[in-house]
file my_file_15.txt (compact mmCIF, C-alpha atoms)
# COMPACT_ATOMS: atom_id res chain seq x y z
CA MET A 25 83.98 85.50 78.00
CA SER A 26 87.21 83.95 76.85
CA ALA A 27 88.39 84.15 73.26
CA GLY A 28 87.75 80.43 72.94
CA GLY A 29 84.15 80.86 74.05
CA GLY A 30 84.57 78.49 76.98
CA ALA A 31 83.48 80.89 79.72
CA LYS A 32 79.78 81.51 80.16
CA ALA A 33 78.40 85.02 80.48
CA VAL A 34 77.07 85.95 83.92
CA VAL A 35 73.28 86.09 84.12
CA ARG A 36 72.17 89.23 86.00
CA ALA A 37 68.91 89.29 87.92
CA ALA A 38 67.25 91.25 90.71
CA GLY A 39 64.32 90.94 93.08
CA GLY A 40 62.81 91.87 96.36
CA VAL A 41 61.86 90.74 99.81
CA VAL A 42 58.48 92.46 99.86
CA TRP A 43 57.31 93.03 103.44
CA ARG A 44 54.54 94.58 105.50
CA PRO A 45 53.82 94.99 109.22
CA ASP A 46 51.64 92.28 110.73
CA ASP A 47 49.04 92.77 113.47
CA ARG A 48 51.32 91.37 116.20
CA GLY A 49 54.12 93.90 116.02
CA GLY A 50 56.23 91.89 113.59
CA VAL A 51 56.40 91.64 109.84
CA GLU A 52 55.25 89.38 107.04
CA VAL A 53 57.15 88.71 103.83
CA LEU A 54 55.74 87.76 100.46
CA VAL A 55 56.74 84.45 98.90
CA VAL A 56 55.67 83.28 95.45
CA HIS A 57 54.99 79.88 93.93
CA ARG A 58 56.45 79.41 90.45
CA PRO A 59 54.57 76.55 88.76
CA HIS A 60 57.15 76.01 85.99
CA ARG A 61 59.81 75.35 88.64
CA SER A 62 57.44 73.94 91.25
CA ASP A 63 59.19 76.03 93.91
CA TRP A 64 58.61 78.78 96.46
CA SER A 65 60.84 81.82 96.21
CA PHE A 66 60.98 85.58 96.51
CA PRO A 67 59.97 87.45 93.35
CA LYS A 68 62.91 88.05 91.03
CA GLY A 69 63.95 87.83 87.42
CA LYS A 70 66.57 88.43 84.77
CA ALA A 71 67.71 91.89 83.76
CA GLU A 72 66.99 93.19 80.28
CA PRO A 73 69.99 94.36 78.24
CA ASP A 74 71.13 97.78 79.53
CA GLU A 75 68.66 97.64 82.47
CA ASP A 76 70.14 98.56 85.84
CA ASP A 77 69.61 96.37 88.89
CA THR A 78 67.10 98.66 90.61
CA ALA A 79 64.87 98.94 87.55
CA CYS A 80 65.07 95.18 87.04
CA GLY A 81 64.13 94.40 90.64
CA LEU A 82 61.12 96.72 90.64
CA ARG A 83 59.94 95.52 87.21
CA GLU A 84 60.28 91.83 88.02
CA VAL A 85 58.48 92.14 91.36
CA GLU A 86 55.62 93.96 89.65
CA GLU A 87 55.46 91.48 86.76
CA GLU A 88 55.34 88.47 89.08
CA THR A 89 53.12 89.84 91.85
CA GLY A 90 51.13 92.75 90.41
CA TYR A 91 52.49 94.99 93.20
CA ARG A 92 54.29 98.26 92.50
CA CYS A 93 56.89 98.65 95.22
CA ARG A 94 59.27 101.15 96.76
CA LEU A 95 62.89 100.13 97.19
CA GLY A 96 64.15 99.88 100.73
CA ARG A 97 67.47 98.68 102.09
CA ASP A 98 69.93 96.88 99.83
CA LEU A 99 70.22 93.21 100.80
CA GLY A 100 73.27 92.53 98.67
CA ARG A 101 73.87 89.88 96.05
CA VAL A 102 73.83 86.10 95.91
CA HIS A 103 75.82 84.03 93.43
CA TYR A 104 75.00 80.57 92.10
CA ARG A 105 74.74 78.55 88.89
CA ASP A 106 71.38 78.48 87.10
CA GLN A 107 69.76 75.39 85.60
CA ARG A 108 71.98 75.72 82.52
CA LEU A 109 75.05 75.92 84.79
CA ARG A 110 75.65 79.58 83.91
CA PRO A 111 76.98 81.81 86.68
CA LYS A 112 74.11 83.94 88.01
CA VAL A 113 74.17 87.02 90.27
CA VAL A 114 70.94 88.21 91.87
CA ARG A 115 70.75 91.61 93.59
CA TRP A 116 68.14 91.97 96.35
CA TRP A 117 66.32 94.76 98.18
CA ALA A 118 63.77 95.00 100.93
CA MET A 119 60.63 96.46 99.31
CA THR A 120 57.25 97.76 100.42
CA VAL A 121 54.05 97.80 98.38
CA THR A 122 52.78 101.16 97.13
CA SER A 123 49.89 99.92 94.95
CA GLY A 124 48.54 97.05 92.89
CA GLY A 125 47.16 93.60 93.50
CA PHE A 126 47.97 90.01 92.69
CA VAL A 127 46.46 88.18 89.74
CA PRO A 128 47.76 84.66 89.07
CA ASN A 129 49.88 84.54 85.90
CA ASP A 130 52.18 82.26 83.90
CA GLU A 131 55.17 82.96 86.14
CA VAL A 132 53.45 82.95 89.56
CA ASP A 133 50.24 81.09 90.30
CA GLU A 134 50.10 81.68 94.06
CA LEU A 135 51.59 83.94 96.70
CA CYS A 136 51.53 83.99 100.49
CA TRP A 137 52.28 86.55 103.18
CA LEU A 138 54.19 84.69 105.89
CA SER A 139 56.13 85.40 109.04
CA PRO A 140 59.89 85.21 108.44
CA ALA A 141 60.00 81.90 110.34
CA ASP A 142 57.22 80.39 108.21
CA ALA A 143 58.82 81.81 105.06
CA ALA A 144 62.13 80.12 105.95
CA ASP A 145 60.27 76.80 106.13
CA ARG A 146 58.44 77.41 102.83
CA LEU A 147 61.32 78.71 100.68
CA THR A 148 62.80 76.07 98.40
CA TRP A 149 66.28 77.51 97.87
CA ALA A 150 69.11 78.05 100.37
CA THR A 151 70.08 81.30 98.61
CA ASP A 152 66.59 82.69 99.34
CA ARG A 153 66.91 81.70 102.99
CA GLU A 154 70.25 83.57 103.08
CA VAL A 155 68.53 86.69 101.69
CA LEU A 156 65.80 86.26 104.33
CA ARG A 157 68.47 86.16 107.06
CA ARG A 158 69.89 89.42 105.71
CA PHE A 159 66.39 90.93 105.75
CA GLU A 160 65.81 89.79 109.34
CA ALA A 161 69.12 91.37 110.36
CA LEU A 162 67.62 94.77 109.44
CA GLY A 163 65.49 94.50 112.60
CA LEU A 164 62.25 95.71 111.05
CA ALA A 165 60.05 93.66 113.38
CA ARG A 166 58.98 95.76 116.36
CA HIS A 167 58.56 92.80 118.74
CA ALA A 168 55.44 94.06 120.51
call {"tool": "encode", "arguments": {"input": "my_file_15.txt", "output": "structure tokens"}}
result
Amino acid sequence: MSAGGGAKAVVRAAGGVVWRPDDRGGVEVLVVHRPHRSDWSFPKGKAEPDEDDTACGLREVEEETGYRCRLGRDLGRVHYRDQRLRPKVVRWWAMTVTSGGFVPNDEVDELCWLSPADAADRLTWATDREVLRRFEALGLARHA
């Protein structure tokens, strides 16, 4: 931040592209509906002070979906301005579920497991579609 206070602090966040094998030799990814934003996205959220990106991503995915996950491949970062026009950086990972179950909550009222193609159509934000492209580039689908 500048001495004059003009620059805005960067908002840090993290999340996951949670995936599972489907019954056709491909994969499905989890997308969530956030009623307060009326959008479809991947689960993510802001980092707590002094929280590292990995802990943030795992915590936020669990808070929004009820699923405890294992980190997979790093999908990099995306940069954009949030609704308050603050610079925001979101770090992403591929993740797989280890336990848990979804219960609708204040942040997420619905979730869907979709093919990557259907997820691309459902996702509201271009930055999420970019993260999905990075996930697809990992080649996890077996193409039976």
call {"tool": "atom_distance", "arguments": {"input": "my_file_15.txt", "atom1": "atom CA of Asn129 of chain A", "atom2": "atom CA of Glu87 of chain A"}}
result
8.9 Å
call {"tool": "residues_near_point", "arguments": {"input": "my_file_15.txt", "point": "(54.8, 86.4, 89.3)", "cutoff": "6 Å", "atoms": "only C-alpha atoms", "output": "JSON, numbers by chain"}}
result
{"A": [87, 88, 89, 131, 132]}
call {"tool": "residues_around", "arguments": {"input": "my_file_15.txt", "residues": "Pro67 of chain A", "least_positions_apart": "6", "cutoff": "7 Å", "atoms": "all atoms listed in the file", "output": "CSV table (one decimal) with C-alpha atoms, in the frame of the given file"}}
result
chain,number,residue,atom,x,y,z
A,39,GLY,CA,64.3,90.9,93.1
A,40,GLY,CA,62.8,91.9,96.4
A,56,VAL,CA,55.7,83.3,95.4
A,84,GLU,CA,60.3,91.8,88.0
A,85,VAL,CA,58.5,92.1,91.4
A,88,GLU,CA,55.3,88.5,89.1
call {"tool": "closest_atom_pairs", "arguments": {"input": "my_file_15.txt", "of": "segment 46-79 of chain A", "to": "segment 140-151 of chain A", "cutoff": "10 Å", "atoms": "only C-alpha atoms", "output": "CSV"}}
result
residue,atom,partner,partner_atom,distance
A:Gly50,CA,A:Pro140,CA,9.2
A:Val51,CA,A:Pro140,CA,7.4
A:Glu52,CA,A:Pro140,CA,6.4
A:Val53,CA,A:Pro140,CA,6.4
A:Leu54,CA,A:Ala143,CA,8.1
A:Val55,CA,A:Ala143,CA,7.0
A:Val56,CA,A:Leu147,CA,9.0
A:His57,CA,A:Leu147,CA,9.3
A:Ser62,CA,A:Thr148,CA,9.2
A:Asp63,CA,A:Thr148,CA,5.8
A:Trp64,CA,A:Leu147,CA,5.0
A:Ser65,CA,A:Leu147,CA,5.5
A:Phe66,CA,A:Leu147,CA,8.0
call {"tool": "atom_distance", "arguments": {"input": "my_file_15.txt", "atom1": "atom CA of Pro73 of chain A", "atom2": "atom CA of Val35 of chain A"}}
result
10.7 Å
call {"tool": "closest_residue", "arguments": {"input": "my_file_15.txt", "among": "A:Leu138, A:Cys80, A:Leu164, A:Ala37", "to": "Gly96 of chain A", "atoms": "all atoms listed in the file"}}
result
A:Leu164
call {"tool": "closest_residue", "arguments": {"input": "my_file_15.txt", "among": "A:Gly100, A:Pro111, A:Pro59, A:Gly81", "to": "Glu134 of chain A", "atoms": "all atoms listed in the file"}}
result
A:Pro59
call {"tool": "closest_residue", "arguments": {"input": "my_file_15.txt", "among": "A:His60, A:Trp43, A:Arg36, A:Arg105", "to": "Asp74 of chain A", "atoms": "all atoms listed in the file"}}
result
A:Arg36
call {"tool": "atom_distance", "arguments": {"input": "my_file_15.txt", "atom1": "atom CA of Val114 of chain A", "atom2": "atom CA of Lys68 of chain A"}}
result
8.1 Å
call {"tool": "residues_near_point", "arguments": {"input": "my_file_15.txt", "point": "(76.0, 81.4, 84.2)", "cutoff": "9 Å", "atoms": "only C-alpha atoms", "output": "number ranges by chain"}}
result
A: 31-36, 104-113
